[in-house]
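Pasting run_24.csv here (CSV, C-alpha atoms):
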```csv
chain,number,residue,atom,x,y,z
A,1,LYS,CA,-21.2,8.0,-15.8
A,2,MET,CA,-22.0,6.3,-12.5
A,3,ILE,CA,-20.0,3.2,-13.4
A,4,LEU,CA,-16.9,5.3,-14.1
A,5,GLU,CA,-17.4,7.2,-10.9
A,6,ILE,CA,-17.1,3.8,-9.2
A,7,LEU,CA,-14.5,2.0,-11.4
A,8,ILE,CA,-11.9,4.8,-11.7
A,9,PRO,CA,-11.3,5.3,-8.0
A,10,ILE,CA,-11.3,1.5,-7.3
A,11,SER,CA,-8.8,1.1,-10.1
A,12,PHE,CA,-6.5,3.7,-8.6
A,13,ILE,CA,-6.8,2.2,-5.1
A,14,VAL,CA,-6.1,-1.3,-6.3
A,15,THR,CA,-3.1,-0.1,-8.4
A,16,PHE,CA,-1.7,1.7,-5.3
A,17,LEU,CA,-2.2,-1.4,-3.1
A,18,ILE,CA,-0.6,-3.7,-5.7
A,19,VAL,CA,2.4,-1.5,-6.1
A,20,TRP,CA,2.8,-1.0,-2.4
A,21,PHE,CA,2.3,-4.6,-1.2
A,22,LYS,CA,3.2,-6.8,-4.2
A,23,THR,CA,6.3,-5.0,-5.7
A,24,GLU,CA,9.5,-3.4,-4.5
A,25,ALA,CA,8.8,-0.3,-6.6
A,26,PHE,CA,8.5,2.0,-3.5
A,27,GLU,CA,12.0,0.9,-2.2
A,28,GLU,CA,13.5,1.3,-5.7
A,29,TYR,CA,12.0,4.8,-6.4
A,30,VAL,CA,12.8,6.1,-2.9
A,31,THR,CA,16.4,5.0,-3.4
A,32,LEU,CA,16.5,6.5,-6.9
A,33,LEU,CA,15.2,9.8,-5.5
A,34,GLY,CA,17.6,9.8,-2.5
A,35,GLY,CA,15.0,9.2,0.2
A,36,ASP,CA,16.3,5.7,1.1
A,37,LYS,CA,17.9,6.9,4.4
A,38,PHE,CA,14.7,8.7,5.5
A,39,PHE,CA,12.5,5.8,4.7
A,40,LYS,CA,15.0,3.3,6.3
A,41,VAL,CA,15.5,1.4,3.0
A,42,ARG,CA,19.2,1.3,3.5
A,43,SER,CA,18.7,-0.4,6.9
A,44,TYR,CA,16.1,-2.7,5.4
A,45,ARG,CA,18.5,-3.9,2.7
A,46,LYS,CA,21.3,-4.6,5.1
A,47,ASN,CA,18.9,-6.6,7.2
A,48,ARG,CA,17.6,-8.5,4.2
A,49,GLU,CA,21.1,-9.6,3.4
A,50,ARG,CA,20.9,-11.8,6.6
A,51,ASN,CA,17.3,-12.8,6.0
A,52,ALA,CA,16.2,-13.2,2.4
A,53,LEU,CA,12.6,-13.6,3.3
A,54,LEU,CA,12.4,-10.3,5.1
A,55,THR,CA,10.0,-7.8,3.4
A,56,TYR,CA,10.0,-4.1,3.7
A,57,HIS,CA,6.7,-4.2,5.5
A,58,SER,CA,7.8,-6.8,8.1
A,59,PHE,CA,11.0,-4.9,8.6
A,60,LEU,CA,9.1,-1.7,9.4
A,61,LEU,CA,6.8,-3.5,11.8
A,62,GLU,CA,9.7,-5.2,13.6
A,63,ARG,CA,11.8,-2.0,13.9
A,64,TYR,CA,9.5,0.9,13.8
A,65,ASN,CA,6.2,-0.4,15.1
A,66,SER,CA,3.7,2.5,15.5
A,67,PHE,CA,0.2,3.3,14.6
A,68,PHE,CA,1.2,4.8,11.3
A,69,VAL,CA,3.5,1.9,10.4
A,70,ARG,CA,0.7,-0.6,11.3
A,71,LEU,CA,-1.7,1.4,9.2
A,72,ALA,CA,0.7,1.5,6.2
A,73,THR,CA,1.5,-2.2,6.4
A,74,CYS,CA,-2.1,-3.5,6.6
A,75,PRO,CA,-3.9,-3.7,3.2
A,76,TYR,CA,-7.3,-3.5,4.9
A,77,CYS,CA,-6.4,-0.4,6.9
A,78,LEU,CA,-4.6,1.3,4.2
A,79,GLY,CA,-7.3,0.4,1.7
A,80,LEU,CA,-10.0,2.0,3.9
A,81,TRP,CA,-8.0,5.2,4.2
A,82,LEU,CA,-7.5,5.3,0.4
A,83,CYS,CA,-11.2,4.8,-0.1
A,84,LEU,CA,-12.0,7.6,2.3
A,85,THR,CA,-9.5,9.8,0.4
A,86,ALA,CA,-11.3,8.8,-2.9
A,87,CYS,CA,-14.6,9.8,-1.3
A,88,LEU,CA,-13.2,13.2,-0.4
A,89,VAL,CA,-11.9,13.7,-4.0
A,90,VAL,CA,-15.2,12.8,-5.7
A,91,GLU,CA,-17.3,14.3,-2.8
A,92,ARG,CA,-19.4,11.1,-2.6
A,93,PHE,CA,-19.2,9.5,0.9
A,94,ASP,CA,-22.2,7.3,0.0
A,95,LEU,CA,-19.8,5.3,-2.2
A,96,LEU,CA,-17.4,4.4,0.6
A,97,ALA,CA,-18.6,0.8,1.1
A,98,ILE,CA,-18.7,0.2,-2.7
A,99,TYR,CA,-15.1,1.5,-3.0
A,100,TYR,CA,-13.9,-0.5,-0.1
A,101,VAL,CA,-15.5,-3.8,-0.9
A,102,GLY,CA,-14.8,-3.4,-4.6
A,103,SER,CA,-11.2,-2.5,-4.1
A,104,LEU,CA,-10.6,-5.4,-1.7
A,105,LEU,CA,-12.2,-7.9,-4.0
A,106,LEU,CA,-10.3,-6.6,-7.0
A,107,TYR,CA,-7.0,-6.5,-5.0
A,108,GLY,CA,-7.6,-10.0,-3.7
A,109,LEU,CA,-8.4,-11.4,-7.2
A,110,THR,CA,-5.4,-9.6,-8.7
A,111,SER,CA,-3.1,-10.8,-6.0
A,112,LYS,CA,-4.2,-14.3,-6.5
A,113,VAL,CA,-3.7,-14.1,-10.2
A,114,MET,CA,-0.2,-12.6,-9.7
A,115,GLU,CA,0.8,-15.5,-7.5
A,116,GLU,CA,-0.1,-18.2,-10.0
```

Would you write out, as structure tokens, the structure that this file holds?
Amino acid sequence: KMILEILIPISFIVTFLIVWFKTEAFEEYVTLLGGDKFFKVRSYRKNRERNALLTYHSFLLERYNSFFVRLATCPYCLGLWLCLTACLVVERFDLLAIYYVGSLLLYGLTSKVMEE
């Protein structure tokens, strides 16, 4: 039971981080659901036509730099807040460090494997 209490939240956190930082799923689904104007995806895509190396995260940082944008575009910062949220859900704040270190290790490992 304890191992599942650790692995399940870490798995969800890592999945979220991978989808957010390593795919274009957010931009695609926001566009599909009609939120592309609100989330500046239209503007991002226009800018990407001029700069193929531009990422959604770097676009947000360049154009809309604020505390929340910096938080959302930093895997360490966002990972910490996701871990805090997981602790709230499971009502176990003593697992914060385990969630954080575990999710960063698994995210790093997964990211490395994805790049190969």

**Prompt:** What does the distance from CA of Ala72 in chain A to CA of Glu116 in chain A come to in Å, to one decimal?
**Reply:**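 The value is 25.5 Å.
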
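What separates CA of Cys83 in chain A from CA of Val14 in chain A is a distance of 10.1 Å.
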
**Request:** Choose the residue, out of A:Tyr76, A:Phe12, A:Phe39, A:Trp81, that has the smallest atom-to-atom separation from Phe59 in chain A; count only C-alpha atoms.
**Result:** A:Phe39

**Asked** CA of Leu7 in chain A to CA of Ile98 in chain A: how many Å, to one decimal?
**Response** 9.8 Å

**Request:** Mind checking which residues fall within 12 Å of Leu105 in chain A, counting all atoms listed in the file, ignoring those fewer than 3 positions away in the same chain, and posting them as a VMD selection string?
**Result:** chain A and resid 10 to 11 13 to 14 17 75 to 76 79 97 to 102 108 to 112

**Request:** Tell me, as number ranges by chain, which residues lie within 12 Å of Cys74 in chain A, counting all atoms listed in the file; anything in the same chain fewer than 3 positions away does not count.
**Result:** A: 17, 20-21, 57-58, 60-61, 67-71, 77-81

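Nearest residue to Leu96 in chain A, choosing from A:Arg50, A:Glu27, A:Glu5, A:Met114 and counting all atoms listed in the file: A:Glu5.
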
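Compared by their closest atoms to Tyr64 in chain A, and using all atoms listed in the file, the residues A:Lys46, A:Lys22, A:Arg92, A:Lys40 rank with A:Lys40 nearest.
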